[in-house]
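Student: Pasting protein.cif here (mmCIF, C-alpha atoms):
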```cif
data_final
loop_
_atom_site.label_atom_id
_atom_site.label_comp_id
_atom_site.auth_asym_id
_atom_site.auth_seq_id
_atom_site.Cartn_x
_atom_site.Cartn_y
_atom_site.Cartn_z
CA MET A 299 259.77 109.83 58.54
CA SER A 300 261.66 111.63 61.26
CA ALA A 301 261.56 115.41 61.53
CA PRO A 302 263.86 117.04 58.97
CA ALA A 303 266.70 119.17 60.17
CA THR A 304 266.43 122.93 59.81
CA THR A 305 268.72 124.77 57.42
CA SER A 306 270.83 127.73 58.47
CA THR A 307 272.09 129.28 55.22
CA VAL A 308 270.95 129.79 51.63
CA TRP A 309 273.62 127.30 50.48
CA SER A 310 272.16 124.32 52.38
CA SER A 311 270.16 123.00 49.41
CA LEU A 312 273.25 122.75 47.17
CA VAL A 313 274.36 119.14 47.52
CA GLY A 314 277.98 118.27 46.77
CA GLN A 315 278.81 121.72 45.36
CA GLN A 316 281.44 122.93 47.83
CA HIS A 317 283.72 124.37 45.14
CA ALA A 318 280.91 126.36 43.49
CA ILE A 319 279.68 127.60 46.88
CA ALA A 320 283.16 128.83 47.76
CA THR A 321 283.38 130.74 44.46
CA LEU A 322 279.99 132.38 45.00
CA GLN A 323 280.72 133.26 48.61
CA ARG A 324 283.94 134.99 47.54
CA ALA A 325 281.98 136.97 44.95
CA VAL A 326 279.40 138.03 47.55
CA ALA A 327 282.29 139.28 49.66
CA GLY A 328 283.49 141.38 46.71
CA HIS A 329 286.17 139.12 45.23
CA GLY A 330 285.60 138.30 41.55
CA MET A 331 282.14 139.84 41.31
CA THR A 332 280.79 140.57 37.83
CA HIS A 333 277.48 141.58 36.26
CA ALA A 334 276.71 138.31 34.40
CA TRP A 335 277.02 134.69 35.51
CA LEU A 336 276.37 131.39 33.76
CA PHE A 337 275.56 128.35 35.92
CA THR A 338 276.16 125.07 34.08
CA GLY A 339 275.89 121.45 35.13
CA PRO A 340 274.06 118.21 34.32
CA PRO A 341 270.30 117.90 34.92
CA GLY A 342 269.53 117.77 38.63
CA SER A 343 272.85 119.24 39.74
CA GLY A 344 271.04 122.28 41.11
CA ARG A 345 271.76 125.05 38.59
CA SER A 346 268.58 126.99 39.39
CA ASN A 347 268.96 126.44 43.13
CA ALA A 348 272.51 127.76 42.95
CA ALA A 349 271.39 130.87 41.08
CA ILE A 350 268.58 131.54 43.57
CA ALA A 351 270.88 130.96 46.54
CA PHE A 352 273.41 133.38 45.03
CA ALA A 353 270.64 135.96 44.49
CA ALA A 354 269.61 135.63 48.14
CA ALA A 355 273.21 136.00 49.33
CA LEU A 356 273.64 139.12 47.19
CA GLN A 357 270.59 140.72 48.80
CA CYS A 358 271.42 139.60 52.33
CA ALA A 359 273.35 141.94 54.62
CA ARG A 360 275.07 138.88 56.11
CA GLY A 361 275.94 137.20 52.81
CA GLY A 362 273.26 134.52 52.79
CA CYS A 363 272.18 133.80 56.37
CA GLY A 364 269.02 132.02 55.23
CA GLU A 365 266.96 133.57 58.04
CA CYS A 366 266.48 137.29 57.26
CA HIS A 367 263.61 138.81 55.29
CA ASP A 368 265.70 139.19 52.12
CA CYS A 369 266.86 135.56 52.16
CA LEU A 370 263.42 134.15 52.89
CA THR A 371 261.65 136.19 50.22
CA VAL A 372 264.23 135.39 47.54
CA LEU A 373 264.06 131.67 48.33
CA ALA A 374 260.25 131.88 48.26
CA GLY A 375 260.30 133.64 44.89
CA SER A 376 258.63 136.80 46.19
CA HIS A 377 261.48 139.33 46.49
CA SER A 378 260.67 142.51 44.56
CA ASP A 379 264.22 142.84 43.19
CA VAL A 380 264.75 139.25 42.05
CA SER A 381 263.06 138.19 38.79
CA ILE A 382 263.00 134.52 37.78
CA THR A 383 262.20 133.64 34.16
CA ARG A 384 261.14 130.04 33.57
CA THR A 385 259.71 128.34 30.51
CA GLU A 386 258.05 124.99 29.94
CA THR A 387 257.97 125.41 26.16
CA ALA A 388 260.66 124.55 23.63
CA VAL A 389 262.01 128.11 23.39
CA ILE A 390 262.07 131.31 25.42
CA LYS A 391 260.20 133.83 23.30
CA VAL A 392 261.58 137.27 22.55
CA GLU A 393 258.55 139.02 24.08
CA GLY A 394 259.33 137.61 27.51
CA ILE A 395 262.99 138.62 27.28
CA ARG A 396 262.09 142.15 26.20
CA ASP A 397 259.89 142.53 29.29
CA LEU A 398 262.76 141.21 31.40
CA VAL A 399 265.23 143.67 29.86
CA LEU A 400 262.90 146.58 30.66
CA ARG A 401 262.69 145.48 34.31
CA ALA A 402 266.46 145.05 34.44
CA ALA A 403 266.94 148.72 33.62
CA LEU A 404 265.14 149.76 36.82
CA SER A 405 266.94 150.51 40.05
CA PRO A 406 266.36 148.10 42.94
CA ALA A 407 263.19 148.91 44.84
CA GLN A 408 264.48 147.81 48.22
CA GLY A 409 267.38 145.42 47.82
CA ARG A 410 271.05 145.89 47.12
CA TRP A 411 270.83 144.58 43.55
CA GLN A 412 268.34 144.03 40.75
CA VAL A 413 268.90 140.30 40.05
CA MET A 414 267.58 138.72 36.85
CA ILE A 415 267.59 134.89 36.78
CA VAL A 416 266.99 133.12 33.46
CA GLU A 417 266.47 129.39 33.84
CA ASP A 418 266.91 127.22 30.73
CA ALA A 419 269.02 129.83 28.93
CA ASP A 420 269.76 127.05 26.44
CA ARG A 421 266.21 127.59 25.14
CA LEU A 422 266.94 131.11 23.95
CA ASN A 423 266.56 131.37 20.17
CA ASP A 424 268.34 133.92 17.98
CA SER A 425 265.72 136.63 18.55
CA SER A 426 265.41 136.28 22.32
CA GLY A 427 269.16 135.71 22.65
CA ASN A 428 269.97 138.92 20.80
CA ALA A 429 267.49 140.85 22.93
CA LEU A 430 269.21 139.54 26.07
CA LEU A 431 272.70 140.17 24.66
CA LYS A 432 272.17 143.91 24.43
CA ALA A 433 271.22 144.10 28.12
CA ILE A 434 274.27 142.06 29.13
CA GLU A 435 276.56 144.15 26.92
CA GLU A 436 275.30 147.41 28.46
CA PRO A 437 274.39 146.45 32.04
CA SER A 438 272.81 148.80 34.54
CA PRO A 439 275.22 149.49 37.42
CA ARG A 440 273.16 147.61 40.02
CA THR A 441 271.82 144.78 37.85
CA ILE A 442 273.13 141.20 37.97
CA TRP A 443 272.24 138.56 35.35
CA LEU A 444 272.24 134.87 36.36
CA LEU A 445 271.75 132.39 33.49
CA CYS A 446 271.36 128.61 33.78
CA ALA A 447 272.09 125.95 31.13
CA PRO A 448 273.40 122.35 30.95
CA THR A 449 276.71 123.34 29.28
CA VAL A 450 278.36 126.51 28.00
CA GLU A 451 277.99 125.17 24.46
CA ASP A 452 274.20 125.29 24.88
CA VAL A 453 274.30 129.09 25.16
CA LEU A 454 274.88 131.53 22.30
CA PRO A 455 278.63 132.27 22.04
CA THR A 456 278.06 136.03 22.19
CA ILE A 457 276.28 135.63 25.54
CA ARG A 458 278.50 133.04 27.20
CA SER A 459 281.63 135.04 26.38
CA ARG A 460 280.30 137.86 28.58
CA CYS A 461 279.47 135.68 31.57
CA ARG A 462 281.54 134.17 34.35
CA ASN A 463 280.94 130.42 34.38
CA VAL A 464 280.17 128.45 37.54
CA VAL A 465 280.29 124.69 36.90
CA LEU A 466 278.21 122.39 39.09
CA SER A 467 278.92 118.66 39.28
CA THR A 468 276.70 115.64 39.78
CA PRO A 469 276.61 114.90 43.52
CA SER A 470 277.47 111.40 44.69
CA ALA A 471 274.80 108.95 45.81
CA ALA A 472 276.10 109.19 49.39
CA GLU A 473 275.78 112.99 49.36
CA VAL A 474 272.24 112.83 47.97
CA SER A 475 271.25 110.18 50.49
CA ARG A 476 272.55 112.23 53.42
CA PHE A 477 270.70 115.29 52.11
CA LEU A 478 267.37 113.41 51.90
CA VAL A 479 267.75 112.10 55.44
CA ALA A 480 268.85 115.42 56.96
CA ARG A 481 266.64 117.81 55.00
CA HIS A 482 263.49 115.76 54.42
CA GLY A 483 263.58 113.16 57.18
CA VAL A 484 263.59 110.25 54.72
CA ASP A 485 264.28 106.74 56.00
CA PRO A 486 267.96 105.92 55.29
CA GLY A 487 267.15 102.80 53.27
CA LEU A 488 264.66 104.63 51.07
CA ALA A 489 267.06 107.57 50.78
CA ALA A 490 269.83 105.24 49.55
CA TYR A 491 267.49 103.78 46.90
CA ALA A 492 266.33 107.23 45.73
CA ALA A 493 269.91 108.51 45.56
CA ARG A 494 271.03 105.58 43.41
CA ALA A 495 267.97 105.57 41.16
CA SER A 496 268.11 109.33 40.56
CA GLN A 497 271.78 109.15 39.48
CA GLY A 498 272.53 112.38 41.31
CA HIS A 499 269.44 114.33 40.21
CA ILE A 500 268.33 116.09 43.41
CA GLY A 501 264.76 116.86 42.35
CA ARG A 502 264.24 113.35 41.04
CA ALA A 503 265.70 111.83 44.21
CA ARG A 504 263.32 113.90 46.33
CA ALA A 505 260.33 112.76 44.25
CA LEU A 506 261.36 109.11 44.45
CA ALA A 507 261.84 109.39 48.19
CA VAL A 508 258.50 110.98 49.04
CA ASP A 509 256.08 109.75 46.35
CA GLU A 510 255.19 106.08 45.96
CA ALA A 511 253.51 106.67 42.56
CA THR A 512 256.79 108.04 41.21
CA ARG A 513 258.65 104.97 42.47
CA ASN A 514 256.07 102.66 40.87
CA ARG A 515 256.35 104.41 37.50
CA ARG A 516 260.12 104.07 37.56
CA ARG A 517 259.93 100.38 38.47
CA GLU A 518 257.69 99.87 35.43
CA VAL A 519 260.21 101.61 33.16
CA VAL A 520 263.34 99.82 34.38
CA GLY A 521 261.49 96.50 34.11
CA ILE A 522 261.08 96.97 30.34
CA PRO A 523 264.45 95.56 29.10
CA ALA A 524 263.89 92.08 30.56
CA GLY A 525 260.53 91.76 28.79
CA LEU A 526 261.55 92.70 25.24
CA THR A 527 261.39 89.15 23.91
CA SER A 528 259.05 89.55 20.90
CA LEU A 529 257.81 92.05 18.34
CA GLY A 530 254.54 92.43 20.22
CA ALA A 531 256.33 93.04 23.51
CA CYS A 532 258.40 95.79 21.86
CA MET A 533 255.32 97.54 20.46
CA ASN A 534 253.51 97.28 23.79
CA ALA A 535 256.53 98.63 25.68
CA ALA A 536 256.70 101.68 23.41
CA ALA A 537 252.99 102.38 23.85
CA ASN A 538 253.22 101.90 27.62
CA LEU A 539 256.13 104.33 27.85
CA VAL A 540 254.14 107.00 26.01
CA ASP A 541 251.16 106.34 28.30
CA ILE A 542 253.36 106.70 31.40
CA ALA A 543 254.61 110.06 30.12
CA LYS A 544 251.12 111.33 29.27
CA LEU A 545 249.66 110.28 32.62
CA GLU A 546 252.44 112.00 34.55
CA THR A 547 252.15 115.12 32.38
CA GLU A 548 248.40 115.30 32.91
CA ALA A 549 248.78 114.83 36.65
CA VAL A 550 251.21 117.74 36.84
CA GLY A 551 249.51 120.00 34.30
CA GLU A 552 245.80 119.65 35.04
CA GLU A 553 245.85 121.72 38.22
CA ILE A 554 247.98 124.45 36.65
CA ASN A 555 245.83 124.62 33.50
CA THR A 556 242.63 124.86 35.52
CA ARG A 557 244.05 127.65 37.69
CA GLU A 558 245.20 129.62 34.64
CA ARG A 559 241.76 129.32 33.04
CA GLU A 560 240.11 130.50 36.27
CA GLU A 561 242.50 133.47 36.46
CA LEU A 562 241.64 134.43 32.87
CA ASP A 563 237.91 134.19 33.60
CA ALA A 564 238.37 136.33 36.70
CA VAL A 565 240.05 139.06 34.65
CA PHE A 566 237.05 139.28 32.30
CA GLY A 567 234.50 138.78 35.07
CA SER A 568 231.12 137.07 34.84
CA ASP A 569 229.64 139.46 32.29
CA ARG A 570 228.43 137.46 29.31
CA LYS A 571 229.28 140.22 26.87
CA ALA A 572 232.88 140.27 28.06
CA ARG A 573 233.13 136.47 27.78
CA THR A 574 232.02 136.61 24.14
CA SER A 575 234.25 139.53 23.18
CA ARG A 576 237.10 139.29 20.68
CA SER A 577 239.64 140.10 23.36
CA TYR A 578 238.47 137.23 25.58
CA LYS A 579 238.46 134.78 22.68
CA ALA A 580 241.95 135.89 21.64
CA ALA A 581 243.26 135.55 25.21
CA LEU A 582 241.64 132.13 25.58
CA SER A 583 243.08 130.96 22.27
CA GLN A 584 246.54 132.15 23.28
CA LEU A 585 246.28 130.44 26.68
CA THR A 586 245.05 127.18 25.12
CA GLU A 587 247.93 127.14 22.62
CA SER A 588 250.45 127.90 25.38
CA GLN A 589 249.09 125.06 27.53
CA LYS A 590 249.21 122.70 24.55
CA GLN A 591 252.86 123.51 23.81
CA ARG A 592 253.72 123.25 27.49
CA GLY A 593 252.06 119.83 27.67
CA LYS A 594 254.07 118.57 24.69
CA ARG A 595 257.28 119.76 26.28
CA ARG A 596 256.43 118.14 29.61
CA THR A 597 255.66 114.85 27.88
CA LEU A 598 259.01 114.94 26.09
CA ASP A 599 260.77 115.73 29.37
CA VAL A 600 259.15 112.72 31.06
CA VAL A 601 259.98 110.44 28.11
CA ASP A 602 263.56 111.74 28.20
CA ARG A 603 263.84 110.89 31.89
CA CYS A 604 262.45 107.40 31.21
CA LEU A 605 265.07 106.89 28.52
CA MET A 606 267.81 107.75 30.99
CA ASP A 607 266.35 105.16 33.37
CA LEU A 608 266.56 102.59 30.56
CA VAL A 609 270.17 103.56 29.92
CA SER A 610 270.92 102.98 33.60
CA VAL A 611 269.79 99.34 33.25
CA TYR A 612 272.09 98.65 30.30
CA ARG A 613 274.98 100.35 32.07
CA ASP A 614 274.33 98.08 35.04
CA VAL A 615 274.40 95.09 32.69
CA ILE A 616 277.77 96.18 31.31
CA ALA A 617 279.04 96.73 34.86
CA VAL A 618 278.13 93.11 35.75
CA GLN A 619 279.68 91.80 32.53
CA THR A 620 282.95 93.62 33.12
CA GLY A 621 283.09 93.02 36.87
CA ALA A 622 283.03 96.71 37.76
CA PRO A 623 283.08 97.33 41.54
CA GLY A 624 280.39 99.14 43.52
CA ASP A 625 276.60 99.06 43.74
CA LEU A 626 274.41 98.99 40.66
CA VAL A 627 272.14 101.94 39.98
CA ASN A 628 269.29 99.43 39.91
CA GLU A 629 270.53 97.20 42.71
CA GLU A 630 267.00 95.94 43.36
CA LEU A 631 266.98 94.49 39.80
CA ARG A 632 270.27 92.62 40.14
CA GLY A 633 268.58 89.34 39.22
CA ASP A 634 267.20 90.68 35.92
CA VAL A 635 270.46 92.50 35.25
CA SER A 636 272.47 89.30 35.73
CA THR A 637 270.12 87.44 33.36
CA LEU A 638 270.53 90.13 30.70
CA ALA A 639 274.29 89.99 31.21
CA ARG A 640 274.32 86.24 30.47
CA GLN A 641 272.16 86.68 27.35
CA SER A 642 274.23 89.40 25.70
CA SER A 643 277.69 90.86 25.24
CA PRO A 644 279.00 94.27 26.35
CA GLU A 645 279.14 95.30 22.69
CA GLN A 646 275.45 94.50 22.23
CA ASN A 647 274.54 96.59 25.25
CA LEU A 648 276.64 99.50 24.06
CA ARG A 649 274.67 99.38 20.81
CA ARG A 650 271.45 99.36 22.84
CA ILE A 651 272.57 102.46 24.71
CA ASP A 652 273.31 104.08 21.34
CA ALA A 653 269.79 103.17 20.20
CA VAL A 654 268.30 104.91 23.24
CA PHE A 655 270.29 108.09 22.60
CA SER A 656 269.35 107.94 18.92
CA ALA A 657 265.65 107.84 19.85
CA ARG A 658 266.21 110.75 22.22
CA GLU A 659 267.81 112.80 19.45
CA LYS A 660 264.98 112.00 17.01
CA MET A 661 262.36 113.30 19.46
CA LEU A 662 264.17 116.32 20.90
CA GLU A 663 266.10 117.53 17.84
CA PHE A 664 264.09 116.30 14.86
CA GLN A 665 260.62 116.31 16.48
CA VAL A 666 259.80 112.73 15.50
CA PRO A 667 256.55 111.67 17.25
CA PRO A 668 257.48 109.87 20.49
CA LEU A 669 255.59 106.66 19.68
CA LEU A 670 257.35 106.19 16.34
CA ALA A 671 260.78 106.89 17.83
CA LEU A 672 260.16 104.56 20.77
CA GLU A 673 258.84 101.70 18.62
CA SER A 674 262.00 101.83 16.50
CA MET A 675 264.13 101.98 19.65
CA MET A 676 262.41 99.03 21.33
CA LEU A 677 263.05 96.85 18.28
CA SER A 678 266.74 97.69 18.60
CA LEU A 679 266.62 96.68 22.28
CA ARG A 680 264.90 93.35 21.60
CA LEU A 681 266.57 90.34 23.22
#
```
Represent the structure from my file as structure tokens, please.

Tutor:
Amino acid sequence: MSAPATTSTVWSSLVGQQHAIATLQRAVAGHGMTHAWLFTGPPGSGRSNAAIAFAAALQCARGGCGECHDCLTVLAGSHSDVSITRTETAVIKVEGIRDLVLRAALSPAQGRWQVMIVEDADRLNDSSGNALLKAIEEPSPRTIWLLCAPTVEDVLPTIRSRCRNVVLSTPSAAEVSRFLVARHGVDPGLAAYAARASQGHIGRARALAVDEATRNRRREVVGIPAGLTSLGACMNAAANLVDIAKLETEAVGEEINTREREELDAVFGSDRKARTSRSYKAALSQLTESQKQRGKRRTLDVVDRCLMDLVSVYRDVIAVQTGAPGDLVNEELRGDVSTLARQSSPEQNLRRIDAVFSAREKMLEFQVPPLLALESMMLSLRL
């Protein structure tokens, strides 16, 4: 890889979002500013990055130079007046929002604003949503709320009606490719592959570009459709997909779980009496349950991404069947895609795409165990 180019402003990480950037820059300059914002856009469009960049620009005396202390600390997640709430569980609990609301009532310690960023605002339930609503309805004069969600419909109506919406779009493959080359020094050929395969998801494109294991896992997933020729192959494919998700989840979560356990042990010290106390056991039980729920959510997120990779194959097949112009998402699989196109009709592949989305809904909405949902799906995809 060549040396990546340096960035000069807080907006440099927002790929293909010129319209949104212009709106936010006008707000920083005092035109159209409000106390609550809702950033929406498809996965990977950069909702959280946009919110963080906006927070940095609000604190920066030069409107987001990307080089001053305020900009650098906000981007690093260490600014005292910018709070970022993230969750890796299915819902954002009310206790966390209540703590956030209490912090929001404070005056800025050193910055120009107290900025509260809530990622995954679509995971607010009724209790946590109502707790947040009160703070947004009665804002402190120097507090700004920045919420992130896939669509406005994913946020409680009472909350979204009080926010100004900033819509982010999916960047083009060319824009993502240029970003990977300029920002991360990725080889142009590899950058083009990662941009296509990620379908505009910036984080996913970066992972595909820099990590060979991630590329190998994706190749295994997109190779599934061509091999679904028997009942046994379908069952094996479902089990393999679950295994891929679990392995990736464990690789990401093991280090974090170990660090959290070490931090808990450090709080109670090495005293044996403290380690056998009720308070330690309660804290350990709570941590273990939290890690378990987080692991389940990560596994579902990985399975969900794999399903979207499968959908990309069937869309490529339909593109070949209908003679659509342009590169395939899975251009490197054009041979398999052409074979699938000869063996099926566009209508069959549309039904296969429906089967994938049905499996996704069963797992995410109705909490059907992934293996059962995927086995049923694979049978629907059988050649």

Student: Interatomic distance between CA of Ser343 in chain A and CA of Gly483 in chain A?

Tutor: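 It comes out at 20.7 Å.
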
Student: Which residues of range 351-467 of chain A come within 9 Å of range 318-338 of chain A, and what is each one's closest atom pair and distance in Å (one decimal), counting all atoms listed in the file, sorted by chain and residue number, as a tab-separated table?

Tutor:
```
residue	atom	partner	partner_atom	distance
A:Phe352	CA	A:Leu322	CA	6.7
A:Ala355	CA	A:Val326	CA	6.8
A:Leu356	CA	A:Val326	CA	5.9
A:Gly361	CA	A:Val326	CA	6.4
A:Gly362	CA	A:Gln323	CA	8.6
A:Ala419	CA	A:Leu336	CA	8.9
A:Ile434	CA	A:Ala334	CA	6.9
A:Pro437	CA	A:His333	CA	7.1
A:Ser438	CA	A:His333	CA	8.8
A:Pro439	CA	A:His333	CA	8.3
A:Arg440	CA	A:His333	CA	8.3
A:Thr441	CA	A:His333	CA	6.7
A:Ile442	CA	A:His333	CA	4.7
A:Trp443	CA	A:Ala334	CA	4.6
A:Leu444	CA	A:Trp335	CA	4.9
A:Leu445	CA	A:Leu336	CA	4.7
A:Cys446	CA	A:Phe337	CA	4.7
A:Ala447	CA	A:Thr338	CA	5.1
A:Pro448	CA	A:Thr338	CA	5.0
A:Thr449	CA	A:Thr338	CA	5.1
A:Val450	CA	A:Thr338	CA	6.6
A:Arg458	CA	A:Leu336	CA	7.1
A:Arg460	CA	A:Ala334	CA	6.9
A:Cys461	CA	A:Trp335	CA	4.7
A:Arg462	CA	A:Trp335	CA	4.7
A:Asn463	CA	A:Leu336	CA	4.7
A:Val464	CA	A:Phe337	CA	4.9
A:Val465	CA	A:Thr338	CA	5.0
A:Leu466	CA	A:Thr338	CA	6.0
A:Ser467	CA	A:Thr338	CA	8.7
```

Student: Any chance you could resolve the PyMOL selection byres ((chain A and resi 411) around 10) against this file and give the residues as number ranges by chain?

Tutor: A: 353, 356-357, 379-380, 405-410, 412-414, 439-442

Student: Counting all atoms listed in the file, what is within 10 Å of Gly394 in chain A, bar same-chain residues fewer than 2 positions away, as a PDB file with C-alpha atoms, in the frame of the given file?

Tutor:
```pdb
ATOM      1  CA  THR A 383     262.200 133.640  34.160  1.00  0.00           C
ATOM      2  CA  ARG A 384     261.140 130.040  33.570  1.00  0.00           C
ATOM      3  CA  THR A 385     259.710 128.340  30.510  1.00  0.00           C
ATOM      4  CA  ILE A 390     262.070 131.310  25.420  1.00  0.00           C
ATOM      5  CA  LYS A 391     260.200 133.830  23.300  1.00  0.00           C
ATOM      6  CA  VAL A 392     261.580 137.270  22.550  1.00  0.00           C
ATOM      7  CA  ARG A 396     262.090 142.150  26.200  1.00  0.00           C
ATOM      8  CA  ASP A 397     259.890 142.530  29.290  1.00  0.00           C
ATOM      9  CA  LEU A 398     262.760 141.210  31.400  1.00  0.00           C
ATOM     10  CA  VAL A 399     265.230 143.670  29.860  1.00  0.00           C
ATOM     11  CA  SER A 426     265.410 136.280  22.320  1.00  0.00           C
ATOM     12  CA  ALA A 429     267.490 140.850  22.930  1.00  0.00           C
TER      13      ALA A 429
END
```

Student: By how many Å are CA of Glu386 in chain A and CA of Val600 in chain A apart?

Tutor: 12.4 Å

Student: Using the chain letters and numbers from this file, what does the PyMOL selection byres ((chain A and resi 538-548) around 8) select? Give the answer as a CSV table (one decimal) with C-alpha atoms, in the coordinates of the input.

Tutor:
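Generated file (result_19.csv):
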```csv
chain,number,residue,atom,x,y,z
A,515,ARG,CA,256.4,104.4,37.5
A,519,VAL,CA,260.2,101.6,33.2
A,534,ASN,CA,253.5,97.3,23.8
A,535,ALA,CA,256.5,98.6,25.7
A,536,ALA,CA,256.7,101.7,23.4
A,537,ALA,CA,253.0,102.4,23.8
A,549,ALA,CA,248.8,114.8,36.6
A,550,VAL,CA,251.2,117.7,36.8
A,551,GLY,CA,249.5,120.0,34.3
A,552,GLU,CA,245.8,119.6,35.0
A,593,GLY,CA,252.1,119.8,27.7
A,596,ARG,CA,256.4,118.1,29.6
A,597,THR,CA,255.7,114.8,27.9
A,598,LEU,CA,259.0,114.9,26.1
A,600,VAL,CA,259.2,112.7,31.1
A,601,VAL,CA,260.0,110.4,28.1
A,604,CYS,CA,262.4,107.4,31.2
A,668,PRO,CA,257.5,109.9,20.5
A,669,LEU,CA,255.6,106.7,19.7
```

Student: For the atom pair CA of Gln584 in chain A and CA of Gly375 in chain A, what is the interatomic distance in Å to one decimal place?

Tutor: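 Calculated distance between CA of Gln584 in chain A and CA of Gly375 in chain A is 25.7 Å.
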
Student: Counting only C-alpha atoms, figure out which residue out of A:Leu631, A:Ile415, A:Cys366, A:Ala359 gets nearest to Asn347 in chain A.

Tutor: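 Closest candidate: A:Ile415.
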
Student: Got a sec to resolve the PyMOL selection byres ((chain A and resi 581) around 12) on this structure and send the residues as a PyMOL selection string?

Tutor: chain A and resi 558-559+561-563+565-566+572-580+582-588

Student: With all atoms listed in the file as the basis for distance, which of A:Ser381, A:Arg592, A:Cys363, A:Val627 is at the shortest distance from Ala471 in chain A?

Tutor: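 Using all atoms listed in the file, Ala471 in chain A sits closest to A:Val627.
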
Student: Name the residues in contact with Val618 in chain A at a cut-off of 8 Å, using only C-alpha atoms, excluding same-chain residues fewer than 5 positions from it; report them as a VMD selection string.

Tutor: chain A and resid 635 to 636 639

Student: Would you mind completing range 372-387 of chain A so that it carries N, CA and C atoms, and writing it out as an mmCIF file, in the frame of the given file?

Tutor:
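Result file is out_12.cif:
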```cif
data_model
loop_
_atom_site.group_PDB
_atom_site.id
_atom_site.type_symbol
_atom_site.label_atom_id
_atom_site.label_comp_id
_atom_site.auth_asym_id
_atom_site.auth_seq_id
_atom_site.Cartn_x
_atom_site.Cartn_y
_atom_site.Cartn_z
ATOM 1 N N VAL A 372 263.597 135.858 48.773
ATOM 2 C CA VAL A 372 264.230 135.390 47.540
ATOM 3 C C VAL A 372 264.006 133.897 47.366
ATOM 4 N N LEU A 373 264.234 133.132 48.417
ATOM 5 C CA LEU A 373 264.060 131.670 48.330
ATOM 6 C C LEU A 373 262.615 131.298 48.049
ATOM 7 N N ALA A 374 261.667 132.144 48.501
ATOM 8 C CA ALA A 374 260.250 131.880 48.260
ATOM 9 C C ALA A 374 259.779 132.391 46.907
ATOM 10 N N GLY A 375 260.654 133.121 46.200
ATOM 11 C CA GLY A 375 260.300 133.640 44.890
ATOM 12 C C GLY A 375 259.460 134.900 44.931
ATOM 13 N N SER A 376 259.493 135.630 46.048
ATOM 14 C CA SER A 376 258.630 136.800 46.190
ATOM 15 C C SER A 376 259.390 138.102 46.439
ATOM 16 N N HIS A 377 260.699 138.104 46.278
ATOM 17 C CA HIS A 377 261.480 139.330 46.490
ATOM 18 C C HIS A 377 261.263 140.282 45.320
ATOM 19 N N SER A 378 261.010 141.538 45.607
ATOM 20 C CA SER A 378 260.670 142.510 44.560
ATOM 21 C C SER A 378 261.830 142.799 43.614
ATOM 22 N N ASP A 379 263.050 142.527 44.024
ATOM 23 C CA ASP A 379 264.220 142.840 43.190
ATOM 24 C C ASP A 379 264.897 141.604 42.615
ATOM 25 N N VAL A 380 264.219 140.480 42.653
ATOM 26 C CA VAL A 380 264.750 139.250 42.050
ATOM 27 C C VAL A 380 263.681 138.699 41.099
ATOM 28 N N SER A 381 263.987 138.687 39.807
ATOM 29 C CA SER A 381 263.060 138.190 38.790
ATOM 30 C C SER A 381 263.548 136.843 38.278
ATOM 31 N N ILE A 382 262.648 135.868 38.245
ATOM 32 C CA ILE A 382 263.000 134.520 37.780
ATOM 33 C C ILE A 382 262.181 134.214 36.535
ATOM 34 N N THR A 383 262.864 133.972 35.425
ATOM 35 C CA THR A 383 262.200 133.640 34.160
ATOM 36 C C THR A 383 262.326 132.144 33.920
ATOM 37 N N ARG A 384 261.178 131.486 33.842
ATOM 38 C CA ARG A 384 261.140 130.040 33.570
ATOM 39 C C ARG A 384 260.306 129.810 32.319
ATOM 40 N N THR A 385 260.549 128.703 31.641
ATOM 41 C CA THR A 385 259.710 128.340 30.510
ATOM 42 C C THR A 385 259.510 126.834 30.497
ATOM 43 N N GLU A 386 258.318 126.417 30.101
ATOM 44 C CA GLU A 386 258.050 124.990 29.940
ATOM 45 C C GLU A 386 257.780 124.670 28.482
ATOM 46 N N THR A 387 258.095 125.628 27.592
ATOM 47 C CA THR A 387 257.970 125.410 26.160
ATOM 48 C C THR A 387 259.358 125.176 25.570
#
```
